[in-house]
$ cat data-v7.txt   # compact mmCIF, C-alpha atoms
# COMPACT_ATOMS: atom_id res chain seq x y z
CA MET A 1 -8.35 -16.21 -2.60
CA ASP A 2 -5.79 -15.97 0.22
CA ASN A 3 -5.91 -19.45 1.73
CA PRO A 4 -2.80 -20.16 3.85
CA ALA A 5 -0.02 -22.10 2.18
CA LYS A 6 1.33 -25.09 4.06
CA GLN A 7 4.96 -24.15 3.76
CA ARG A 8 6.93 -20.97 4.28
CA ILE A 9 9.27 -19.61 1.68
CA PHE A 10 12.03 -17.14 2.48
CA ALA A 11 14.12 -15.02 0.16
CA ALA A 12 17.80 -14.84 0.99
CA MET A 13 19.42 -12.32 -1.34
CA GLU A 14 19.96 -8.61 -0.63
CA HIS A 15 17.40 -6.34 -2.27
CA ASP A 16 17.09 -2.64 -3.07
CA CYS A 17 13.35 -2.96 -2.53
CA ASP A 18 10.57 -5.50 -2.27
CA ILE A 19 8.89 -4.66 -5.60
CA LEU A 20 10.26 -3.21 -8.82
CA ILE A 21 7.37 -1.69 -10.78
CA VAL A 22 7.97 -0.96 -14.46
CA GLY A 23 5.52 1.72 -15.60
CA GLY A 24 4.68 5.00 -13.92
CA GLY A 25 1.30 5.74 -15.49
CA LEU A 26 -1.60 5.14 -13.10
CA ASN A 27 -1.62 1.45 -12.14
CA GLY A 28 2.09 1.34 -11.23
CA PRO A 29 1.96 4.22 -8.72
CA ALA A 30 -1.32 2.91 -7.28
CA LEU A 31 0.32 -0.48 -6.65
CA ALA A 32 3.36 1.14 -5.01
CA LEU A 33 1.09 3.06 -2.62
CA ALA A 34 -1.03 -0.03 -1.90
CA ALA A 35 2.10 -2.09 -1.17
CA ALA A 36 3.41 0.62 1.17
CA ARG A 37 0.35 0.12 3.38
CA ALA A 38 1.67 -3.40 4.01
CA GLY A 39 5.18 -2.15 4.76
CA LEU A 40 6.55 -3.17 1.35
CA LYS A 41 9.09 -0.92 -0.34
CA SER A 42 8.77 -0.24 -4.10
CA ILE A 43 10.79 1.43 -6.84
CA VAL A 44 8.70 2.76 -9.75
CA ILE A 45 10.55 2.96 -13.08
CA ASP A 46 8.99 5.32 -15.63
CA ALA A 47 10.21 6.15 -19.13
CA LEU A 48 8.72 9.66 -18.95
CA PRO A 49 10.89 12.39 -17.44
CA GLN A 50 9.69 14.02 -14.22
CA ALA A 51 8.73 17.31 -15.91
CA ALA A 52 6.46 15.58 -18.43
CA ARG A 53 4.75 13.58 -15.69
CA ALA A 54 4.07 16.71 -13.63
CA GLU A 55 2.31 18.75 -16.36
CA ALA A 56 -0.90 20.18 -14.95
CA ASP A 57 -2.64 21.60 -18.05
CA PHE A 58 -5.98 20.14 -19.06
CA ASP A 59 -5.49 18.04 -22.18
CA GLY A 60 -8.98 16.59 -22.56
CA ARG A 61 -8.37 13.14 -21.10
CA GLY A 62 -10.62 11.83 -18.36
CA TYR A 63 -11.44 8.51 -16.69
CA ALA A 64 -14.74 6.94 -15.70
CA LEU A 65 -13.94 5.49 -12.28
CA ALA A 66 -16.31 2.80 -11.02
CA LEU A 67 -17.38 3.03 -7.38
CA SER A 68 -14.96 0.22 -6.48
CA SER A 69 -12.06 2.23 -7.95
CA VAL A 70 -13.16 5.29 -5.98
CA ARG A 71 -13.09 3.15 -2.83
CA LEU A 72 -9.54 2.05 -3.67
CA LEU A 73 -8.39 5.66 -4.01
CA ALA A 74 -10.18 6.54 -0.77
CA ASN A 75 -8.47 3.69 1.10
CA LEU A 76 -5.13 4.93 -0.26
CA GLY A 77 -5.90 8.37 1.21
CA LEU A 78 -6.26 10.09 -2.18
CA TRP A 79 -9.96 10.59 -2.78
CA GLN A 80 -10.56 13.43 -0.32
CA ALA A 81 -8.25 15.67 -2.36
CA LEU A 82 -9.61 14.40 -5.70
CA ALA A 83 -13.32 14.71 -4.87
CA PRO A 84 -13.65 18.49 -5.45
CA ASN A 85 -12.51 18.00 -9.07
CA ALA A 86 -14.62 14.89 -9.74
CA GLN A 87 -18.02 14.64 -11.42
CA PRO A 88 -20.43 11.99 -10.09
CA MET A 89 -22.02 9.78 -12.76
CA CYS A 90 -25.59 9.53 -11.55
CA GLU A 91 -27.15 7.98 -14.64
CA ILE A 92 -26.09 6.06 -17.75
CA LYS A 93 -28.17 6.07 -20.94
CA VAL A 94 -27.45 3.61 -23.74
CA THR A 95 -28.96 4.38 -27.16
CA ASP A 96 -28.86 2.48 -30.47
CA GLY A 97 -28.98 4.71 -33.57
CA ARG A 98 -27.44 5.97 -36.78
CA VAL A 99 -25.39 9.02 -37.67
CA GLY A 100 -27.65 12.05 -38.17
CA GLU A 101 -30.64 10.59 -36.34
CA ALA A 102 -32.10 12.60 -33.49
CA GLN A 103 -31.03 11.04 -30.20
CA VAL A 104 -34.46 9.91 -29.05
CA PHE A 105 -33.86 7.69 -26.04
CA LEU A 106 -35.17 4.16 -26.66
CA GLY A 107 -32.46 2.10 -24.96
CA LEU A 108 -31.14 1.28 -21.49
CA HIS A 109 -31.37 3.63 -18.53
CA PHE A 110 -29.31 2.97 -15.40
CA ASP A 111 -29.96 5.27 -12.42
CA SER A 112 -27.78 5.30 -9.30
CA ALA A 113 -30.90 6.00 -7.23
CA GLU A 114 -31.77 2.30 -7.66
CA ILE A 115 -28.84 1.16 -5.48
CA GLU A 116 -27.98 2.12 -1.91
CA GLU A 117 -24.29 2.88 -2.43
CA GLY A 118 -24.75 6.21 -4.26
CA PRO A 119 -23.31 7.25 -7.64
CA MET A 120 -22.09 4.23 -9.63
CA GLY A 121 -18.94 6.10 -10.60
CA GLN A 122 -17.02 9.36 -10.86
CA MET A 123 -15.36 11.14 -13.78
CA ILE A 124 -11.91 12.52 -13.03
CA GLU A 125 -9.49 14.29 -15.35
CA ASP A 126 -6.13 12.69 -16.03
CA ARG A 127 -4.21 15.73 -14.78
CA TYR A 128 -5.74 15.51 -11.29
CA LEU A 129 -5.46 11.76 -10.85
CA ARG A 130 -1.88 11.58 -12.16
CA ARG A 131 -0.77 14.49 -9.96
CA ALA A 132 -2.42 13.01 -6.85
CA LEU A 133 -0.58 9.71 -7.38
CA MET A 134 2.76 11.48 -7.97
CA GLU A 135 2.44 13.66 -4.88
CA ALA A 136 1.47 10.65 -2.76
CA MET A 137 4.53 8.71 -4.01
CA GLU A 138 6.83 11.64 -3.29
CA SER A 139 5.61 11.84 0.31
CA GLU A 140 5.75 8.06 0.91
CA GLN A 141 9.09 6.88 2.35
CA LEU A 142 8.53 3.33 1.11
CA VAL A 143 8.25 4.45 -2.54
CA ASP A 144 11.25 5.49 -4.65
CA GLN A 145 11.15 6.56 -8.31
CA ARG A 146 13.36 6.41 -11.38
CA ALA A 147 11.95 8.91 -13.89
CA GLY A 148 13.18 9.07 -17.48
CA GLU A 149 14.53 5.52 -17.23
CA THR A 150 13.87 2.38 -19.24
CA VAL A 151 14.59 -1.28 -18.49
CA VAL A 152 16.94 -2.95 -20.98
CA ALA A 153 17.33 -6.33 -19.26
CA GLN A 154 15.78 -8.41 -16.49
CA GLU A 155 16.93 -11.62 -14.83
CA THR A 156 15.22 -13.88 -12.33
CA THR A 157 17.10 -15.81 -9.67
CA PRO A 158 15.76 -18.19 -6.99
CA GLY A 159 15.85 -15.40 -4.41
CA GLY A 160 14.75 -12.41 -6.44
CA VAL A 161 14.91 -10.46 -9.67
CA THR A 162 17.43 -8.02 -11.15
CA VAL A 163 16.77 -5.34 -13.77
CA THR A 164 19.28 -3.26 -15.68
CA LEU A 165 18.33 0.28 -16.65
CA ALA A 166 19.44 2.13 -19.78
CA SER A 167 21.62 4.31 -17.54
CA GLY A 168 23.54 1.20 -16.46
CA GLU A 169 22.09 1.07 -12.95
CA THR A 170 21.07 -2.38 -11.69
CA LEU A 171 18.29 -2.88 -9.18
CA HIS A 172 17.41 -5.97 -7.14
CA ALA A 173 13.99 -6.87 -5.72
CA ARG A 174 11.87 -9.76 -4.55
CA LEU A 175 9.20 -9.20 -7.22
CA LEU A 176 9.03 -7.54 -10.64
CA VAL A 177 5.69 -6.06 -11.75
CA GLY A 178 4.94 -5.05 -15.33
CA ALA A 179 2.60 -2.07 -15.49
CA ASP A 180 4.05 -0.94 -18.81
CA GLY A 181 1.08 -1.13 -21.16
CA ARG A 182 -0.18 -3.28 -24.02
CA ARG A 183 3.29 -3.64 -25.55
CA SER A 184 4.79 -4.60 -22.21
CA GLY A 185 8.53 -5.06 -22.44
CA THR A 186 8.41 -6.73 -19.02
CA ALA A 187 6.11 -9.45 -20.35
CA ALA A 188 8.08 -9.85 -23.58
CA ARG A 189 11.42 -10.27 -21.75
CA ALA A 190 9.78 -12.92 -19.55
CA GLY A 191 8.66 -14.85 -22.66
CA ILE A 192 4.95 -14.23 -22.03
CA LYS A 193 3.08 -14.28 -25.32
CA ARG A 194 -0.17 -12.50 -26.09
CA THR A 195 -3.47 -13.34 -27.77
CA GLY A 196 -5.59 -10.74 -29.53
CA TRP A 197 -6.72 -8.95 -32.65
CA GLY A 198 -7.47 -5.51 -34.00
CA TYR A 199 -11.00 -4.16 -34.45
CA GLY A 200 -10.39 -2.04 -37.54
CA GLN A 201 -11.54 0.86 -35.36
CA THR A 202 -9.73 3.87 -33.95
CA ALA A 203 -10.93 5.99 -31.03
CA LEU A 204 -11.02 9.76 -31.37
CA VAL A 205 -10.74 11.22 -27.88
CA CYS A 206 -11.32 14.83 -26.85
CA ALA A 207 -13.18 17.05 -24.39
CA ILE A 208 -15.95 19.40 -25.38
CA ALA A 209 -17.69 22.35 -23.74
CA HIS A 210 -21.45 22.54 -24.23
CA GLU A 211 -24.19 25.09 -23.76
CA LEU A 212 -26.52 23.08 -21.51
CA PRO A 213 -25.82 21.13 -18.26
CA HIS A 214 -25.36 17.35 -18.48
CA HIS A 215 -26.85 16.65 -15.02
CA GLY A 216 -24.27 13.95 -14.37
CA ILE A 217 -25.64 11.68 -17.11
CA ALA A 218 -23.24 9.54 -19.14
CA HIS A 219 -24.35 8.55 -22.65
CA GLN A 220 -23.28 5.58 -24.77
CA PHE A 221 -24.58 6.06 -28.30
CA PHE A 222 -24.09 3.04 -30.59
CA MET A 223 -23.66 3.70 -34.31
CA PRO A 224 -22.71 1.30 -37.14
CA PRO A 225 -19.04 2.50 -37.41
CA GLY A 226 -18.56 2.25 -33.63
CA PRO A 227 -19.76 3.62 -30.28
CA LEU A 228 -19.71 7.22 -29.09
CA ALA A 229 -19.36 7.75 -25.33
CA ILE A 230 -20.25 11.15 -23.84
CA LEU A 231 -18.99 11.25 -20.25
CA PRO A 232 -19.78 14.17 -17.91
CA LEU A 233 -16.97 16.34 -16.53
CA PRO A 234 -17.32 19.12 -13.93
CA GLY A 235 -19.13 22.16 -15.32
CA ASN A 236 -20.66 22.19 -18.77
CA ARG A 237 -17.99 19.90 -20.22
CA SER A 238 -17.88 16.27 -21.32
CA SER A 239 -15.21 13.77 -22.34
CA ILE A 240 -15.73 12.16 -25.74
CA VAL A 241 -14.56 8.69 -26.81
CA TRP A 242 -15.68 8.22 -30.39
CA ALA A 243 -14.87 5.11 -32.48
CA GLU A 244 -14.68 5.15 -36.27
CA ARG A 245 -13.18 2.84 -38.89
CA ASP A 246 -9.41 3.26 -38.99
CA GLU A 247 -9.05 5.14 -42.26
CA ARG A 248 -12.04 7.39 -41.54
CA ALA A 249 -10.75 8.17 -38.03
CA ARG A 250 -7.35 9.23 -39.36
CA ALA A 251 -9.01 11.46 -41.93
CA ILE A 252 -11.22 13.10 -39.30
CA ASN A 253 -8.30 13.66 -36.96
CA ALA A 254 -6.39 15.44 -39.77
CA LEU A 255 -9.15 18.05 -40.08
CA SER A 256 -9.07 21.50 -38.54
CA ASP A 257 -10.88 21.99 -35.21
CA ALA A 258 -13.87 23.58 -36.94
CA GLU A 259 -14.12 20.76 -39.50
CA TYR A 260 -13.68 18.15 -36.75
CA LEU A 261 -16.66 19.62 -34.88
CA ASP A 262 -18.72 19.64 -38.09
CA VAL A 263 -18.21 15.86 -38.31
CA LEU A 264 -18.93 15.33 -34.61
CA ARG A 265 -22.15 17.38 -34.39
CA PRO A 266 -24.47 15.03 -36.34
CA ARG A 267 -23.20 12.14 -34.19
CA PHE A 268 -23.42 14.07 -30.94
CA GLY A 269 -26.83 15.67 -31.51
CA ASP A 270 -28.08 18.92 -30.01
CA PHE A 271 -29.37 17.73 -26.63
CA LEU A 272 -26.60 19.70 -24.85
CA GLY A 273 -26.84 22.75 -27.10
CA GLU A 274 -23.92 24.18 -29.03
CA ILE A 275 -20.54 22.44 -28.56
CA SER A 276 -16.89 23.48 -28.84
CA LEU A 277 -13.53 21.79 -28.24
CA ALA A 278 -12.12 22.16 -24.72
CA GLY A 279 -8.72 20.46 -24.96
CA LYS A 280 -6.37 18.49 -27.16
CA ARG A 281 -7.46 15.75 -29.56
CA PHE A 282 -6.11 12.19 -29.34
CA LEU A 283 -6.18 9.11 -31.55
CA TYR A 284 -6.01 5.53 -30.21
CA PRO A 285 -6.15 2.39 -32.42
CA LEU A 286 -8.47 -0.16 -30.79
CA ASN A 287 -7.56 -3.79 -30.26
CA LEU A 288 -7.95 -6.70 -27.88
CA THR A 289 -4.78 -8.10 -26.31
CA LEU A 290 -4.55 -10.59 -23.45
CA ALA A 291 -1.35 -11.91 -21.91
CA ASN A 292 -1.38 -15.71 -22.01
CA SER A 293 -0.26 -15.64 -18.39
CA PHE A 294 -0.46 -12.84 -15.82
CA ILE A 295 2.50 -14.26 -13.90
CA ALA A 296 5.94 -15.81 -14.36
CA ASP A 297 8.78 -16.62 -11.98
CA ARG A 298 8.86 -13.68 -9.52
CA LEU A 299 6.87 -11.56 -11.95
CA ALA A 300 3.30 -10.28 -12.20
CA LEU A 301 1.48 -8.17 -14.79
CA VAL A 302 -1.19 -5.56 -14.04
CA GLY A 303 -3.37 -3.27 -16.13
CA ASP A 304 -2.90 -3.11 -19.88
CA ALA A 305 0.28 -5.18 -19.59
CA ALA A 306 -2.04 -8.07 -18.64
CA HIS A 307 -5.16 -7.17 -20.62
CA GLY A 308 -6.13 -4.46 -23.09
CA MET A 309 -9.74 -4.34 -24.26
CA HIS A 310 -12.22 -2.23 -26.20
CA PRO A 311 -13.23 0.94 -24.29
CA ILE A 312 -16.91 0.26 -25.02
CA ALA A 313 -17.73 -0.14 -21.31
CA GLY A 314 -15.08 2.24 -19.96
CA GLN A 315 -13.58 -0.55 -17.85
CA GLY A 316 -9.89 -0.42 -18.87
CA LEU A 317 -8.54 1.57 -15.92
CA ASN A 318 -11.06 0.00 -13.54
CA ALA A 319 -9.86 -3.49 -14.49
CA GLY A 320 -6.27 -2.39 -13.95
CA LEU A 321 -7.03 -0.95 -10.53
CA ARG A 322 -8.78 -4.18 -9.59
CA ASP A 323 -5.55 -6.00 -10.55
CA VAL A 324 -3.67 -3.62 -8.25
CA ALA A 325 -6.07 -4.23 -5.36
CA ALA A 326 -6.02 -8.02 -5.85
CA LEU A 327 -2.20 -8.24 -6.07
CA ALA A 328 -1.82 -6.01 -3.00
CA HIS A 329 -4.34 -8.21 -1.17
CA VAL A 330 -2.56 -11.51 -1.82
CA MET A 331 0.89 -10.01 -1.10
CA THR A 332 -0.30 -8.43 2.16
CA HIS A 333 -1.82 -11.67 3.43
CA ALA A 334 1.27 -13.62 2.40
CA GLN A 335 3.45 -11.21 4.40
CA ARG A 336 1.25 -11.65 7.47
CA ARG A 337 1.70 -15.43 7.27
CA GLY A 338 5.46 -15.20 6.83
CA GLU A 339 5.42 -16.39 3.22
CA ASP A 340 7.61 -15.06 0.45
CA MET A 341 5.09 -12.77 -1.23
CA ALA A 342 6.71 -13.41 -4.64
CA SER A 343 6.56 -17.21 -4.44
CA PRO A 344 4.76 -19.18 -7.18
CA MET A 345 1.95 -20.12 -4.78
CA VAL A 346 1.23 -16.51 -3.86
CA LEU A 347 1.34 -15.26 -7.44
CA ALA A 348 -0.91 -18.13 -8.53
CA ARG A 349 -3.57 -16.81 -6.13
CA TYR A 350 -3.40 -13.45 -7.89
CA GLN A 351 -3.72 -15.02 -11.33
CA GLN A 352 -6.57 -17.27 -10.25
CA TRP A 353 -8.41 -14.25 -8.86
CA ARG A 354 -8.01 -11.98 -11.88
CA ARG A 355 -7.63 -14.07 -15.02
CA PHE A 356 -11.20 -15.35 -15.37
CA ASP A 357 -12.68 -11.95 -14.51
CA THR A 358 -10.61 -10.08 -17.09
CA ALA A 359 -11.10 -12.75 -19.79
CA SER A 360 -14.87 -12.57 -19.23
CA LEU A 361 -14.84 -8.77 -19.39
CA ALA A 362 -12.73 -8.80 -22.57
CA ALA A 363 -15.10 -11.32 -24.17
CA ALA A 364 -18.14 -9.24 -23.18
CA THR A 365 -16.72 -6.00 -24.61
CA ASP A 366 -15.70 -7.82 -27.78
CA LEU A 367 -19.20 -9.28 -28.18
CA PHE A 368 -20.93 -5.96 -27.52
CA ASN A 369 -18.74 -4.17 -30.04
CA ARG A 370 -19.42 -6.77 -32.73
CA LEU A 371 -23.14 -6.84 -31.92
CA PHE A 372 -23.64 -3.08 -32.04
CA SER A 373 -21.03 -1.86 -34.59
CA ASN A 374 -23.14 -2.75 -37.60
CA ASP A 375 -26.43 -1.81 -39.26
CA ASN A 376 -27.82 -5.32 -39.76
CA PRO A 377 -31.62 -4.92 -39.36
CA LEU A 378 -32.07 -8.32 -37.66
CA LEU A 379 -29.31 -7.67 -35.15
CA ARG A 380 -30.62 -4.14 -34.63
CA PHE A 381 -34.09 -5.47 -33.85
CA GLY A 382 -32.70 -8.14 -31.50
CA ARG A 383 -30.43 -5.80 -29.52
CA ASP A 384 -33.16 -3.16 -29.17
CA LEU A 385 -35.57 -5.83 -27.95
CA GLY A 386 -32.95 -7.03 -25.46
CA MET A 387 -32.36 -3.54 -24.09
CA ALA A 388 -36.10 -3.01 -23.71
CA ALA A 389 -36.39 -6.30 -21.79
CA ILE A 390 -33.60 -5.30 -19.37
CA ASN A 391 -35.16 -1.89 -18.87
CA ALA A 392 -38.47 -3.52 -17.96
CA ALA A 393 -36.93 -5.82 -15.30
CA PRO A 394 -35.95 -3.84 -12.16
CA GLY A 395 -34.00 -6.70 -10.58
CA LEU A 396 -31.96 -7.34 -13.71
CA ARG A 397 -31.42 -3.61 -14.18
CA ARG A 398 -30.09 -3.22 -10.61
CA GLY A 399 -27.70 -6.10 -11.27
CA PHE A 400 -26.30 -4.27 -14.29
CA ILE A 401 -25.97 -1.06 -12.25
CA ARG A 402 -24.00 -2.85 -9.51
CA GLU A 403 -21.83 -4.48 -12.19
CA ALA A 404 -21.12 -1.04 -13.71
CA ALA A 405 -20.22 0.22 -10.23
CA GLY A 406 -17.73 -2.65 -9.86
CA ILE A 407 -19.20 -3.82 -6.56
CA THR A 408 -20.10 -7.40 -7.49
CA GLY A 409 -18.06 -10.55 -6.97
CA ASP A 410 -15.15 -11.18 -4.61
CA LEU A 411 -13.70 -7.73 -3.92
CA PRO A 412 -10.14 -7.16 -2.62
CA GLU A 413 -9.92 -5.39 0.73
CA LEU A 414 -8.91 -2.07 -0.79
CA MET A 415 -12.14 -1.97 -2.83
CA ARG A 416 -14.46 -2.60 0.08
CA ALA A 417 -16.34 0.22 1.79
$ encode --input "data-v7.txt" --output "structure tokens"
Amino acid sequence: MDNPAKQRIFAAMEHDCDILIVGGGLNGPALALAAARAGLKSIVIDALPQAARAEADFDGRGYALALSSVRLLANLGLWQALAPNAQPMCEIKVTDGRVGEAQVFLGLHFDSAEIEEGPMGQMIEDRYLRRALMEAMESEQLVDQRAGETVVAQETTPGGVTVTLASGETLHARLLVGADGRRSGTAARAGIKRTGWGYGQTALVCAIAHELPHHGIAHQFFMPPGPLAILPLPGNRSSIVWAERDERARAINALSDAEYLDVLRPRFGDFLGEISLAGKRFLYPLNLTLANSFIADRLALVGDAAHGMHPIAGQGLNAGLRDVAALAHVMTHAQRRGEDMASPMVLARYQQWRRFDTASLAAATDLFNRLFSNDNPLLRFGRDLGMAAINAAPGLRRGFIREAAGITGDLPELMRA
């Protein structure tokens, strides 16, 4: 994906940095740190004030990082500090059932022991990952930050891009990157339209403490209203992502903690013993949204700004980090060849690399959600038969495990071992 271009392109205007990154969540800082490895200077613009970004209390949010994402963080020098607070995901169990049924396992079973690379992923809490990225940015001379700032205007010129902040400050760069979420203002100001639809589902997200150990096993329990993911955290705790129909989800979220748990228990089952809440509760409406283009003139989109999908496979952040690694890869190789790393040819390589992959992933998550979020007896029989067939085929099963680990296909350098 980094074939040499025949001509060289040079930028002539004065710049404050090489890359202006709008969005200081997770993907934006990761891109700034990846670009710094190539000697590229970035400014990260984040609407949240510094104090809010630095909060260290556990709020219940966690991320299922595929092995490829762990490799990215390791290559950025972050994983060694994160590892003590991470929980390896050694197995994944996928079960098809109904609310109130005992969770007798009759579905898919993926075991990391079947591949040579080790655990297929790691669970990490938001507070640790966010703090690690912030501390790394603060110690990196090639990364500057503008906290508590928003972009109100952007303009592209032949030699670069200019943004105006709400404070009145103007910044100039060679490339503008939108890492500002599903309602990306960066994409909207560039005239990039989106395609997508809502699912009529809302995710209830929380962390729970439980009586019995989880042994590093992640569970995906499919029920007619929507899937329930139970993802292991360090200790006897798990992260819950639980989809319900919109109106029902809002009603559940309005309940007291005790009533909320009463609704969760028949869905969760008793295989981990008694459960209790271990953090805040969150509510996220679920939808599919794809940018019609990941690039424009001197502009690229990463993460949810480019693609937002159903969390059914836990691939949202992983897909965003793969965007980061791919964009860093094409920019780094362009720099080495003396190209303008923000030229249309270079950005086209990034889009070519990522667009088909993300569209395929979005289509797969959409299909799985529609296939499993119902109680149609014919579909139920067909999907259970399909899961049994995959379970009985070791080669096919290993392929799914490697796909879940994110180690298939053409990997960017930062995601290689």
$ residues_around --input "data-v7.txt" --residues "Gly308 in chain A" --least-positions-apart "5" --cutoff "8 Å" --atoms "all atoms listed in the file" --output "list in words"
Arg182, Asn287, Leu288, Thr289, Leu290, Gly303, Gly316 and Ala362 of chain A
$ residues_near_point --input "data-v7.txt" --point "(-5.7, -15.5, -5.6)" --cutoff "12 Å" --atoms "all atoms listed in the file" --output "VMD selection string"
chain A and resid 1 to 5 294 to 295 323 325 to 334 341 344 to 357 410 to 412
$ residues_around --input "data-v7.txt" --residues "Asp16 in chain A" --least-positions-apart "3" --cutoff "9 Å" --atoms "all atoms listed in the file" --output "mmCIF file with C-alpha atoms, in the coordinates of the input"
data_model
loop_
_atom_site.group_PDB
_atom_site.id
_atom_site.type_symbol
_atom_site.label_atom_id
_atom_site.label_comp_id
_atom_site.auth_asym_id
_atom_site.auth_seq_id
_atom_site.Cartn_x
_atom_site.Cartn_y
_atom_site.Cartn_z
ATOM 1 C CA ILE A 19 8.890 -4.660 -5.600
ATOM 2 C CA LEU A 20 10.260 -3.210 -8.820
ATOM 3 C CA LYS A 41 9.090 -0.920 -0.340
ATOM 4 C CA SER A 42 8.770 -0.240 -4.100
ATOM 5 C CA ILE A 43 10.790 1.430 -6.840
ATOM 6 C CA LEU A 171 18.290 -2.880 -9.180
ATOM 7 C CA HIS A 172 17.410 -5.970 -7.140
ATOM 8 C CA ALA A 173 13.990 -6.870 -5.720
ATOM 9 C CA ARG A 174 11.870 -9.760 -4.550
#
$ residues_around --input "data-v7.txt" --residues "Ile115 in chain A" --least-positions-apart "5" --cutoff "12 Å" --atoms "all atoms listed in the file" --output "JSON list (two decimals) with C-alpha atoms, keeping the file's coordinate frame"
[["chain", "number", "residue", "atom", "x", "y", "z"],
["A", 67, "LEU", "CA", -17.38, 3.03, -7.38],
["A", 90, "CYS", "CA", -25.59, 9.53, -11.55],
["A", 91, "GLU", "CA", -27.15, 7.98, -14.64],
["A", 110, "PHE", "CA", -29.31, 2.97, -15.40],
["A", 120, "MET", "CA", -22.09, 4.23, -9.63],
["A", 394, "PRO", "CA", -35.95, -3.84, -12.16],
["A", 395, "GLY", "CA", -34.00, -6.70, -10.58],
["A", 397, "ARG", "CA", -31.42, -3.61, -14.18],
["A", 398, "ARG", "CA", -30.09, -3.22, -10.61],
["A", 399, "GLY", "CA", -27.70, -6.10, -11.27],
["A", 400, "PHE", "CA", -26.30, -4.27, -14.29],
["A", 401, "ILE", "CA", -25.97, -1.06, -12.25],
["A", 402, "ARG", "CA", -24.00, -2.85, -9.51],
["A", 403, "GLU", "CA", -21.83, -4.48, -12.19],
["A", 404, "ALA", "CA", -21.12, -1.04, -13.71],
["A", 405, "ALA", "CA", -20.22, 0.22, -10.23],
["A", 407, "ILE", "CA", -19.20, -3.82, -6.56]]
$ closest_residue --input "data-v7.txt" --among "A:Thr162, A:Ser139, A:Gln335, A:Gln154" --to "Glu14 in chain A" --atoms "all atoms listed in the file"
A:Thr162
$ atom_distance --input "data-v7.txt" --atom1 "CA of Asp18 in chain A" --atom2 "CA of Ala38 in chain A"
11.1 Å
$ closest_residue --input "data-v7.txt" --among "A:Leu367, A:Val70, A:Leu379, A:Ala47" --to "Ala166 in chain A" --atoms "only C-alpha atoms"
A:Ala47
$ closest_residue --input "data-v7.txt" --among "A:Val143, A:Ala64, A:Ala389, A:Ala251" --to "Pro311 in chain A" --atoms "only C-alpha atoms"
A:Ala64
$ closest_residue --input "data-v7.txt" --among "A:Glu125, A:Glu169, A:Asp46, A:Glu114" --to "Asp144 in chain A" --atoms "only C-alpha atoms"
A:Asp46
$ residues_near_point --input "data-v7.txt" --point "(-18.4, -2.3, -26.8)" --cutoff "6 Å" --atoms "all atoms listed in the file" --output "MDAnalysis selection string"
chainID A and resid 312:313 365 368:369
$ decode --input "data-v7.txt" --residues "range 328-336 of chain A" --atoms "N, CA, C and O atoms" --output "short mmCIF file (atom, residue, chain, number, x, y, z; two decimals), in the first residue's frame"
data_model
loop_
_atom_site.label_atom_id
_atom_site.label_comp_id
_atom_site.auth_asym_id
_atom_site.auth_seq_id
_atom_site.Cartn_x
_atom_site.Cartn_y
_atom_site.Cartn_z
N ALA A 328 -0.33 6.45 9.66
CA ALA A 328 1.07 6.68 10.05
C ALA A 328 2.02 5.97 9.09
O ALA A 328 3.08 6.50 8.73
N HIS A 329 1.64 4.77 8.68
CA HIS A 329 2.48 3.99 7.75
C HIS A 329 2.66 4.72 6.42
O HIS A 329 3.80 4.91 5.95
N VAL A 330 1.55 5.15 5.80
CA VAL A 330 1.67 5.77 4.48
C VAL A 330 2.38 7.13 4.58
O VAL A 330 3.14 7.50 3.69
N MET A 331 2.13 7.87 5.68
CA MET A 331 2.81 9.17 5.85
C MET A 331 4.30 8.98 6.05
O MET A 331 5.12 9.72 5.49
N THR A 332 4.67 7.99 6.86
CA THR A 332 6.09 7.73 7.14
C THR A 332 6.83 7.37 5.87
O THR A 332 7.92 7.89 5.59
N HIS A 333 6.25 6.49 5.08
CA HIS A 333 6.93 6.07 3.84
C HIS A 333 6.96 7.20 2.81
O HIS A 333 7.92 7.30 2.04
N ALA A 334 5.95 8.05 2.82
CA ALA A 334 5.97 9.21 1.93
C ALA A 334 7.10 10.17 2.32
O ALA A 334 7.82 10.68 1.45
N GLN A 335 7.27 10.38 3.61
CA GLN A 335 8.36 11.25 4.10
C GLN A 335 9.72 10.72 3.66
O GLN A 335 10.59 11.47 3.23
N ARG A 336 9.90 9.42 3.77
CA ARG A 336 11.19 8.80 3.42
C ARG A 336 11.51 8.98 1.94
O ARG A 336 12.68 9.05 1.55
#
